[in-house]
Every structure is written in C-alpha cells, then in structure tokens.
$ cat structure_8.cif   # mmCIF, C-alpha atoms
data_model
loop_
_atom_site.group_PDB
_atom_site.id
_atom_site.type_symbol
_atom_site.label_atom_id
_atom_site.label_comp_id
_atom_site.auth_asym_id
_atom_site.auth_seq_id
_atom_site.Cartn_x
_atom_site.Cartn_y
_atom_site.Cartn_z
ATOM 1 C CA MET R 1 -11.129 13.125 -3.566
ATOM 2 C CA LEU R 2 -10.503 16.484 -5.179
ATOM 3 C CA GLN R 3 -10.822 17.285 -8.830
ATOM 4 C CA PRO R 4 -7.485 17.533 -10.653
ATOM 5 C CA PRO R 5 -6.101 21.101 -10.707
ATOM 6 C CA GLY R 6 -6.862 22.919 -13.942
ATOM 7 C CA LEU R 7 -9.732 20.601 -14.889
ATOM 8 C CA GLU R 8 -12.409 21.973 -12.562
ATOM 9 C CA HIS R 9 -14.351 23.365 -15.546
ATOM 10 C CA LEU R 10 -14.970 19.823 -16.859
ATOM 11 C CA PHE R 11 -16.907 18.701 -13.774
ATOM 12 C CA THR R 12 -20.401 19.534 -12.595
ATOM 13 C CA PRO R 13 -20.792 20.415 -8.887
ATOM 14 C CA GLY R 14 -22.532 17.685 -6.901
ATOM 15 C CA LYS R 15 -21.357 14.941 -9.261
ATOM 16 C CA VAL R 16 -18.821 12.230 -8.473
ATOM 17 C CA LEU R 17 -15.732 11.274 -10.433
ATOM 18 C CA ARG R 18 -15.377 7.803 -11.908
ATOM 19 C CA LEU R 19 -11.824 6.491 -11.934
ATOM 20 C CA LYS R 20 -10.662 4.540 -14.966
ATOM 21 C CA ARG R 21 -8.105 2.746 -12.802
ATOM 22 C CA PRO R 22 -7.717 2.457 -9.030
ATOM 23 C CA VAL R 23 -5.659 5.024 -7.146
ATOM 24 C CA TYR R 24 -3.684 2.157 -5.582
ATOM 25 C CA GLY R 25 -2.180 1.369 -8.983
ATOM 26 C CA LEU R 26 -1.147 4.871 -9.921
ATOM 27 C CA SER R 27 2.551 5.269 -10.559
ATOM 28 C CA GLN R 28 2.740 8.218 -8.162
ATOM 29 C CA SER R 29 0.777 6.625 -5.294
ATOM 30 C CA GLY R 30 3.956 5.537 -3.475
ATOM 31 C CA ARG R 31 5.400 9.041 -3.722
ATOM 32 C CA VAL R 32 2.173 10.602 -2.467
ATOM 33 C CA PHE R 33 2.028 8.187 0.475
ATOM 34 C CA TYR R 34 5.677 8.896 1.313
ATOM 35 C CA LYS R 35 4.984 12.652 1.393
ATOM 36 C CA LEU R 36 2.083 12.071 3.803
ATOM 37 C CA LEU R 37 4.193 9.789 5.991
ATOM 38 C CA ALA R 38 7.165 12.197 6.004
ATOM 39 C CA ALA R 39 4.878 15.063 7.037
ATOM 40 C CA ALA R 40 3.428 12.927 9.844
ATOM 41 C CA MET R 41 6.927 11.978 11.029
ATOM 42 C CA ARG R 42 7.942 15.643 11.169
ATOM 43 C CA ASP R 43 4.697 16.570 12.939
ATOM 44 C CA PHE R 44 5.497 14.044 15.673
ATOM 45 C CA GLY R 45 8.988 15.537 16.048
ATOM 46 C CA PHE R 46 11.170 13.152 14.058
ATOM 47 C CA LYS R 47 14.282 14.330 12.247
ATOM 48 C CA SER R 48 15.681 12.597 9.220
ATOM 49 C CA VAL R 49 18.968 10.787 9.757
ATOM 50 C CA THR R 50 20.251 12.012 6.375
ATOM 51 C CA ASP R 51 20.000 15.296 4.521
ATOM 52 C CA ALA R 52 18.862 13.589 1.304
ATOM 53 C CA GLY R 53 15.390 14.277 -0.031
ATOM 54 C CA ASP R 54 14.239 10.647 0.099
ATOM 55 C CA ASP R 55 14.670 9.853 3.772
ATOM 56 C CA CYS R 56 13.780 6.397 5.006
ATOM 57 C CA VAL R 57 15.392 6.450 8.470
ATOM 58 C CA TRP R 58 14.015 8.802 11.119
ATOM 59 C CA ARG R 59 15.159 9.557 14.686
ATOM 60 C CA LEU R 60 13.371 11.097 17.652
ATOM 61 C CA MET R 61 15.170 12.042 20.867
ATOM 62 C CA CYS R 62 13.169 12.979 23.985
ATOM 63 C CA CYS R 63 15.357 13.410 27.094
ATOM 64 C CA TYR R 64 16.743 9.902 27.644
ATOM 65 C CA SER R 65 14.329 8.230 25.238
ATOM 66 C CA GLU R 66 15.150 7.462 21.637
ATOM 67 C CA LEU R 67 12.999 6.094 18.823
ATOM 68 C CA ILE R 68 14.448 5.142 15.438
ATOM 69 C CA VAL R 69 12.118 4.283 12.567
ATOM 70 C CA ALA R 70 13.150 2.760 9.240
ATOM 71 C CA THR R 71 10.606 2.734 6.423
ATOM 72 C CA VAL R 72 10.453 1.007 3.055
ATOM 73 C CA VAL R 73 7.459 1.181 0.700
ATOM 74 C CA ASP R 74 4.626 0.412 3.153
ATOM 75 C CA GLY R 75 6.688 -1.363 5.819
ATOM 76 C CA MET R 76 8.216 0.061 8.964
ATOM 77 C CA ILE R 77 10.535 -1.139 11.710
ATOM 78 C CA GLN R 78 10.725 0.715 15.037
ATOM 79 C CA VAL R 79 13.523 0.483 17.603
ATOM 80 C CA THR R 80 13.306 2.229 20.979
ATOM 81 C CA ASN R 81 14.394 2.177 24.603
ATOM 82 C CA ASP R 82 11.027 3.567 25.780
ATOM 83 C CA ASP R 83 7.809 1.532 25.405
ATOM 84 C CA THR R 84 5.654 4.534 26.360
ATOM 85 C CA LEU R 85 7.122 6.628 23.547
ATOM 86 C CA LEU R 86 6.560 3.747 21.133
ATOM 87 C CA LYS R 87 2.893 3.465 22.180
ATOM 88 C CA GLU R 88 2.385 7.228 21.781
ATOM 89 C CA PHE R 89 3.929 7.127 18.317
ATOM 90 C CA ASN R 90 1.819 4.157 17.193
ATOM 91 C CA ASP R 91 -1.333 5.831 18.537
ATOM 92 C CA PHE R 92 -0.356 8.937 16.565
ATOM 93 C CA LEU R 93 0.108 6.850 13.398
ATOM 94 C CA ARG R 94 -3.290 5.192 13.953
ATOM 95 C CA SER R 95 -4.885 8.637 14.121
ATOM 96 C CA ARG R 96 -3.610 9.361 10.589
ATOM 97 C CA PHE R 97 -3.318 5.978 8.851
ATOM 98 C CA THR R 98 -4.711 2.470 8.953
ATOM 99 C CA ILE R 99 -1.866 0.414 10.379
ATOM 100 C CA THR R 100 -1.241 -3.116 11.581
ATOM 101 C CA ASP R 101 1.171 -3.900 14.388
ATOM 102 C CA ASN R 102 3.005 -7.177 13.872
ATOM 103 C CA CYS R 103 4.709 -6.881 17.292
ATOM 104 C CA GLN R 104 8.318 -8.014 17.451
ATOM 105 C CA VAL R 105 10.177 -8.072 14.151
ATOM 106 C CA GLU R 106 11.354 -11.432 12.856
ATOM 107 C CA HIS R 107 12.172 -10.554 9.220
ATOM 108 C CA PHE R 108 12.678 -7.209 7.500
ATOM 109 C CA LEU R 109 14.136 -6.719 4.009
ATOM 110 C CA GLY R 110 15.597 -10.213 4.021
ATOM 111 C CA VAL R 111 17.265 -9.834 7.407
ATOM 112 C CA HIS R 112 16.343 -12.330 10.131
ATOM 113 C CA PHE R 113 16.131 -10.958 13.691
ATOM 114 C CA THR R 114 16.455 -13.000 16.895
ATOM 115 C CA HIS R 115 15.399 -11.651 20.296
ATOM 116 C CA THR R 116 17.527 -12.779 23.248
ATOM 117 C CA ASP R 117 18.072 -11.687 26.854
ATOM 118 C CA TYR R 118 21.084 -9.726 25.603
ATOM 119 C CA GLY R 119 19.292 -7.781 22.905
ATOM 120 C CA LEU R 120 18.365 -8.021 19.246
ATOM 121 C CA HIS R 121 20.625 -9.930 16.862
ATOM 122 C CA ASP R 122 20.413 -9.818 13.077
ATOM 123 C CA SER R 123 21.483 -12.357 10.491
ATOM 124 C CA GLN R 124 21.636 -12.305 6.712
ATOM 125 C CA GLU R 125 22.133 -16.060 6.213
ATOM 126 C CA GLY R 126 19.384 -16.043 3.602
ATOM 127 C CA PHE R 127 21.564 -13.956 1.300
ATOM 128 C CA ILE R 128 24.458 -16.422 1.607
ATOM 129 C CA GLU R 129 22.526 -19.596 0.803
#

$ encode --input "structure_8.cif" --output "structure tokens"
Amino acid sequence: MLQPPGLEHLFTPGKVLRLKRPVYGLSQSGRVFYKLLAAAMRDFGFKSVTDAGDDCVWRLMCCYSELIVATVVDGMIQVTNDDTLLKEFNDFLRSRFTITDNCQVEHFLGVHFTHTDYGLHDSQEGFIE
C-alpha cells in the first residue's frame, strides 16, 4: 500500500500505516476495482460495447471466435463460442485477480438461465411473481 499523495511528509520511512477502517469498506473501493478490471479487459484486447465511461459489457473478436463479458459489481458472466479463448481469458484474470469460477450460469441479476441442447434460454419469472 502506498502513502496517500501529498501526505508523505507525515510518515517515517520503514514504518507501516494503520488503517482506521478496512479498504474493503471504502466508498471508492468499487470504483478503484472497476478501473483495474477495465484496464485488464483492455490489456487482453476487449473493446467496450458502448462509448459511455462506465462500461459493463465487453466484447472480444478473434477471427471466428467471440467472447462477450458482462460485469456488475464483483460478478461476471462470460458467453463465448470458443472454449480455448475462454480458458485463456480466465487464466489471464487469475494472473491479476483472485477469482472463483462457478461454471455454467444458473442465475445472474435475477435472471434464471436454462441450458438445453439448443442453447441457453433465459427467464425472468422471478420478477413476475
């Protein structure tokens, strides 16, 4: 952890900083994590689907392979037609972050997903009930 800019004169070299509250609870921690994630996505070659500054959907095209990633807070859903590309991307993420892979998606943002021989089907029945 680095000393806050402009306050270096208050700290003695070789000493550690004691936090009054955990970094996880800081109001800007989500924004800082998003900036790190966005930089990692760009480094891997992703382009944002929108031109807005707060992108949450990313797309990567490599020849005939396509990988689309949707992110929200600390969750992510990945859709691809190339398992090798997906493995490379997840290995890349593991090299930068601690991640867990929950395999096939069943629920995401209140949407229920069903895997069939014909593809992936989504349902929002939970919002109706």

$ resolve_selection --input "structure_8.cif" --expression "the PyMOL selection byres ((chain R and resi 90) around 12)" --output "PDB file with C-alpha atoms, in the frame of the given file"
ATOM      1  CA  ALA R  40       3.428  12.927   9.844  1.00  0.00           C
ATOM      2  CA  MET R  41       6.927  11.978  11.029  1.00  0.00           C
ATOM      3  CA  PHE R  44       5.497  14.044  15.673  1.00  0.00           C
ATOM      4  CA  LEU R  67      12.999   6.094  18.823  1.00  0.00           C
ATOM      5  CA  VAL R  69      12.118   4.283  12.567  1.00  0.00           C
ATOM      6  CA  MET R  76       8.216   0.061   8.964  1.00  0.00           C
ATOM      7  CA  ILE R  77      10.535  -1.139  11.710  1.00  0.00           C
ATOM      8  CA  GLN R  78      10.725   0.715  15.037  1.00  0.00           C
ATOM      9  CA  ASP R  83       7.809   1.532  25.405  1.00  0.00           C
ATOM     10  CA  THR R  84       5.654   4.534  26.360  1.00  0.00           C
ATOM     11  CA  LEU R  85       7.122   6.628  23.547  1.00  0.00           C
ATOM     12  CA  LEU R  86       6.560   3.747  21.133  1.00  0.00           C
ATOM     13  CA  LYS R  87       2.893   3.465  22.180  1.00  0.00           C
ATOM     14  CA  GLU R  88       2.385   7.228  21.781  1.00  0.00           C
ATOM     15  CA  PHE R  89       3.929   7.127  18.317  1.00  0.00           C
ATOM     16  CA  ASP R  91      -1.333   5.831  18.537  1.00  0.00           C
ATOM     17  CA  PHE R  92      -0.356   8.937  16.565  1.00  0.00           C
ATOM     18  CA  LEU R  93       0.108   6.850  13.398  1.00  0.00           C
ATOM     19  CA  ARG R  94      -3.290   5.192  13.953  1.00  0.00           C
ATOM     20  CA  SER R  95      -4.885   8.637  14.121  1.00  0.00           C
ATOM     21  CA  ARG R  96      -3.610   9.361  10.589  1.00  0.00           C
ATOM     22  CA  PHE R  97      -3.318   5.978   8.851  1.00  0.00           C
ATOM     23  CA  THR R  98      -4.711   2.470   8.953  1.00  0.00           C
ATOM     24  CA  ILE R  99      -1.866   0.414  10.379  1.00  0.00           C
ATOM     25  CA  THR R 100      -1.241  -3.116  11.581  1.00  0.00           C
ATOM     26  CA  ASP R 101       1.171  -3.900  14.388  1.00  0.00           C
ATOM     27  CA  ASN R 102       3.005  -7.177  13.872  1.00  0.00           C
ATOM     28  CA  CYS R 103       4.709  -6.881  17.292  1.00  0.00           C
TER      29      CYS R 103
END

$ atom_distance --input "structure_8.cif" --atom1 "atom CA of R:Ala70" --atom2 "atom CA of R:Gly30"
15.9 Å

$ atom_distance --input "structure_8.cif" --atom1 "atom CA of R:Val72" --atom2 "atom CA of R:Cys56"
6.6 Å

$ resolve_selection --input "structure_8.cif" --expression "the PyMOL selection byres ((chain R and resi 122) around 8)" --output "ChimeraX atom specification"
/R:111-114,120-121,123-124

$ resolve_selection --input "structure_8.cif" --expression "the PyMOL selection byres ((chain R and resi 48) around 12)" --output "ChimeraX atom specification"
/R:38-39,41-42,45-47,49-61,67-71

$ write_last_selection --input "structure_8.cif" --atoms "C-alpha atoms" --output "compact mmCIF listing (two decimals), in the frame of the given file"
# COMPACT_ATOMS: atom_id res chain seq x y z
CA ALA R 38 7.16 12.20 6.00
CA ALA R 39 4.88 15.06 7.04
CA MET R 41 6.93 11.98 11.03
CA ARG R 42 7.94 15.64 11.17
CA GLY R 45 8.99 15.54 16.05
CA PHE R 46 11.17 13.15 14.06
CA LYS R 47 14.28 14.33 12.25
CA VAL R 49 18.97 10.79 9.76
CA THR R 50 20.25 12.01 6.38
CA ASP R 51 20.00 15.30 4.52
CA ALA R 52 18.86 13.59 1.30
CA GLY R 53 15.39 14.28 -0.03
CA ASP R 54 14.24 10.65 0.10
CA ASP R 55 14.67 9.85 3.77
CA CYS R 56 13.78 6.40 5.01
CA VAL R 57 15.39 6.45 8.47
CA TRP R 58 14.02 8.80 11.12
CA ARG R 59 15.16 9.56 14.69
CA LEU R 60 13.37 11.10 17.65
CA MET R 61 15.17 12.04 20.87
CA LEU R 67 13.00 6.09 18.82
CA ILE R 68 14.45 5.14 15.44
CA VAL R 69 12.12 4.28 12.57
CA ALA R 70 13.15 2.76 9.24
CA THR R 71 10.61 2.73 6.42

$ atom_distance --input "structure_8.cif" --atom1 "atom CA of R:Phe127" --atom2 "atom CA of R:Glu106"
15.6 Å

$ axis_aligned_box --input "structure_8.cif" --around "stretch 55-72 of chain R" --padding-each-side "6 Å" --output "JSON"
{"center_x": 13.6, "center_y": 7.2, "center_z": 15.3, "size_x": 18.3, "size_y": 24.4, "size_z": 36.6}

$ closest_residue --input "structure_8.cif" --among "R:Phe11, R:Asn81, R:Asp43, R:Leu36" --to "R:Gly119" --atoms "only C-alpha atoms"
R:Asn81

$ decode --input "structure_8.cif" --residues "stretch 23-99 of chain R" --atoms "C-alpha atoms" --output "PDB file, in the first residue's frame"
ATOM      1  CA  VAL R  23     -10.083  -0.762   2.475  1.00  0.00           C
ATOM      2  CA  TYR R  24     -12.958  -3.091   1.536  1.00  0.00           C
ATOM      3  CA  GLY R  25     -15.416  -0.646   3.096  1.00  0.00           C
ATOM      4  CA  LEU R  26     -14.135   2.500   1.460  1.00  0.00           C
ATOM      5  CA  SER R  27     -16.700   4.297  -0.644  1.00  0.00           C
ATOM      6  CA  GLN R  28     -14.320   4.416  -3.609  1.00  0.00           C
ATOM      7  CA  SER R  29     -13.205   0.761  -3.470  1.00  0.00           C
ATOM      8  CA  GLY R  30     -15.731  -0.305  -6.131  1.00  0.00           C
ATOM      9  CA  ARG R  31     -14.568   2.458  -8.464  1.00  0.00           C
ATOM     10  CA  VAL R  32     -10.918   1.553  -7.931  1.00  0.00           C
ATOM     11  CA  PHE R  33     -11.625  -2.128  -8.613  1.00  0.00           C
ATOM     12  CA  TYR R  34     -13.578  -1.231 -11.759  1.00  0.00           C
ATOM     13  CA  LYS R  35     -10.632   0.819 -13.067  1.00  0.00           C
ATOM     14  CA  LEU R  36      -8.306  -2.154 -12.504  1.00  0.00           C
ATOM     15  CA  LEU R  37     -10.740  -4.539 -14.188  1.00  0.00           C
ATOM     16  CA  ALA R  38     -11.318  -2.191 -17.153  1.00  0.00           C
ATOM     17  CA  ALA R  39      -7.558  -1.855 -17.659  1.00  0.00           C
ATOM     18  CA  ALA R  40      -7.179  -5.648 -17.560  1.00  0.00           C
ATOM     19  CA  MET R  41     -10.008  -6.071 -20.083  1.00  0.00           C
ATOM     20  CA  ARG R  42      -8.333  -3.619 -22.464  1.00  0.00           C
ATOM     21  CA  ASP R  43      -4.948  -5.296 -21.959  1.00  0.00           C
ATOM     22  CA  PHE R  44      -6.460  -8.614 -23.054  1.00  0.00           C
ATOM     23  CA  GLY R  45      -7.910  -6.944 -26.162  1.00  0.00           C
ATOM     24  CA  PHE R  46     -11.528  -6.315 -25.200  1.00  0.00           C
ATOM     25  CA  LYS R  47     -13.467  -3.351 -26.544  1.00  0.00           C
ATOM     26  CA  SER R  48     -16.365  -1.794 -24.729  1.00  0.00           C
ATOM     27  CA  VAL R  49     -19.762  -2.334 -26.321  1.00  0.00           C
ATOM     28  CA  THR R  50     -20.755   1.270 -25.541  1.00  0.00           C
ATOM     29  CA  ASP R  51     -18.925   4.573 -25.691  1.00  0.00           C
ATOM     30  CA  ALA R  52     -20.031   5.539 -22.169  1.00  0.00           C
ATOM     31  CA  GLY R  53     -17.429   5.919 -19.450  1.00  0.00           C
ATOM     32  CA  ASP R  54     -18.914   3.251 -17.170  1.00  0.00           C
ATOM     33  CA  ASP R  55     -18.801   0.203 -19.408  1.00  0.00           C
ATOM     34  CA  CYS R  56     -20.079  -3.088 -18.069  1.00  0.00           C
ATOM     35  CA  VAL R  57     -20.321  -5.114 -21.300  1.00  0.00           C
ATOM     36  CA  TRP R  58     -17.135  -6.008 -23.170  1.00  0.00           C
ATOM     37  CA  ARG R  59     -16.560  -7.816 -26.487  1.00  0.00           C
ATOM     38  CA  LEU R  60     -13.523  -9.562 -27.933  1.00  0.00           C
ATOM     39  CA  MET R  61     -13.386 -10.802 -31.526  1.00  0.00           C
ATOM     40  CA  CYS R  62     -10.546 -13.093 -32.662  1.00  0.00           C
ATOM     41  CA  CYS R  63     -11.049 -14.458 -36.201  1.00  0.00           C
ATOM     42  CA  TYR R  64     -14.173 -16.612 -35.839  1.00  0.00           C
ATOM     43  CA  SER R  65     -14.130 -16.592 -32.043  1.00  0.00           C
ATOM     44  CA  GLU R  66     -16.135 -14.190 -29.936  1.00  0.00           C
ATOM     45  CA  LEU R  67     -16.190 -13.606 -26.184  1.00  0.00           C
ATOM     46  CA  ILE R  68     -18.711 -11.292 -24.525  1.00  0.00           C
ATOM     47  CA  VAL R  69     -18.321 -10.407 -20.854  1.00  0.00           C
ATOM     48  CA  ALA R  70     -20.896  -8.608 -18.712  1.00  0.00           C
ATOM     49  CA  THR R  71     -19.802  -7.313 -15.316  1.00  0.00           C
ATOM     50  CA  VAL R  72     -21.666  -5.958 -12.310  1.00  0.00           C
ATOM     51  CA  VAL R  73     -20.001  -5.009  -9.014  1.00  0.00           C
ATOM     52  CA  ASP R  74     -17.835  -8.109  -8.436  1.00  0.00           C
ATOM     53  CA  GLY R  75     -19.785 -10.544 -10.620  1.00  0.00           C
ATOM     54  CA  MET R  76     -19.162 -11.518 -14.214  1.00  0.00           C
ATOM     55  CA  ILE R  77     -20.905 -13.584 -16.870  1.00  0.00           C
ATOM     56  CA  GLN R  78     -18.996 -14.819 -19.931  1.00  0.00           C
ATOM     57  CA  VAL R  79     -20.504 -16.015 -23.212  1.00  0.00           C
ATOM     58  CA  THR R  80     -18.358 -17.473 -25.998  1.00  0.00           C
ATOM     59  CA  ASN R  81     -18.251 -19.835 -28.953  1.00  0.00           C
ATOM     60  CA  ASP R  82     -14.631 -20.829 -28.205  1.00  0.00           C
ATOM     61  CA  ASP R  83     -13.726 -22.753 -25.024  1.00  0.00           C
ATOM     62  CA  THR R  84      -9.993 -22.237 -25.626  1.00  0.00           C
ATOM     63  CA  LEU R  85     -10.413 -18.459 -25.714  1.00  0.00           C
ATOM     64  CA  LEU R  86     -12.486 -18.634 -22.534  1.00  0.00           C
ATOM     65  CA  LYS R  87      -9.764 -20.651 -20.761  1.00  0.00           C
ATOM     66  CA  GLU R  88      -7.068 -18.191 -21.886  1.00  0.00           C
ATOM     67  CA  PHE R  89      -9.127 -15.267 -20.620  1.00  0.00           C
ATOM     68  CA  ASN R  90      -9.816 -16.894 -17.241  1.00  0.00           C
ATOM     69  CA  ASP R  91      -6.124 -17.772 -16.862  1.00  0.00           C
ATOM     70  CA  PHE R  92      -5.322 -14.131 -17.630  1.00  0.00           C
ATOM     71  CA  LEU R  93      -7.813 -12.964 -14.978  1.00  0.00           C
ATOM     72  CA  ARG R  94      -6.298 -15.390 -12.442  1.00  0.00           C
ATOM     73  CA  SER R  95      -2.882 -13.860 -13.098  1.00  0.00           C
ATOM     74  CA  ARG R  96      -4.232 -10.457 -11.992  1.00  0.00           C
ATOM     75  CA  PHE R  97      -7.071 -11.183  -9.550  1.00  0.00           C
ATOM     76  CA  THR R  98      -8.310 -13.826  -7.156  1.00  0.00           C
ATOM     77  CA  ILE R  99     -11.322 -15.299  -8.922  1.00  0.00           C
TER      78      ILE R  99
END
